[in-house]
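What follows is a set of notes on a single structure, which appears directly below.
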Amino acid sequence: MQNPPRRLLKTSVIALLSLLMLSGCTTYTWEDGRKETVWGVPTEDETLTESERQSQGVEYRTPGEIPKKR
């Protein structure tokens, strides 16, 4: 049997890893009710209309660089 501090550390590490694994994903719910989890994709502003989204254009970025705020 493990001693209590070691068990607490092991449980804490498992909980932390679980949270870190979920932090980089986004879950989308579509009109038909299905859900899809996408890794590393930022959420979109769902209040914009299709024409407003298209007028924003495409935003390209260099991997590893933090994009500038608009």
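Each chain of the structure tokens is named A, B, ... in the order shown, its residues numbered from 1; ligands are numbered from 1 in display order.
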Write out as a PyMOL selection string the set of residues from chain A that DSSP, computed on the backbone, places in helix (DSSP H, G or I). chain A and resi 4-22+50-56
Identify, with DSSP run on backbone atoms, the residues in chain A assigned to strand (DSSP E), and express the list as a ChimeraX atom specification. /A:25-29,35-39
Which of these residues is nearest to Trp30 in chain A, using only C-alpha atoms: A:Glu52, A:Glu65, A:Glu59, A:Glu46?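 Looking only at the distances to Trp30 in chain A, the closest residue turns out to be A:Glu46.
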In Å, rounded to a single decimal, give me how far CA of Met21 in chain A is from CA of Thr37 in chain A. 12.4 Å
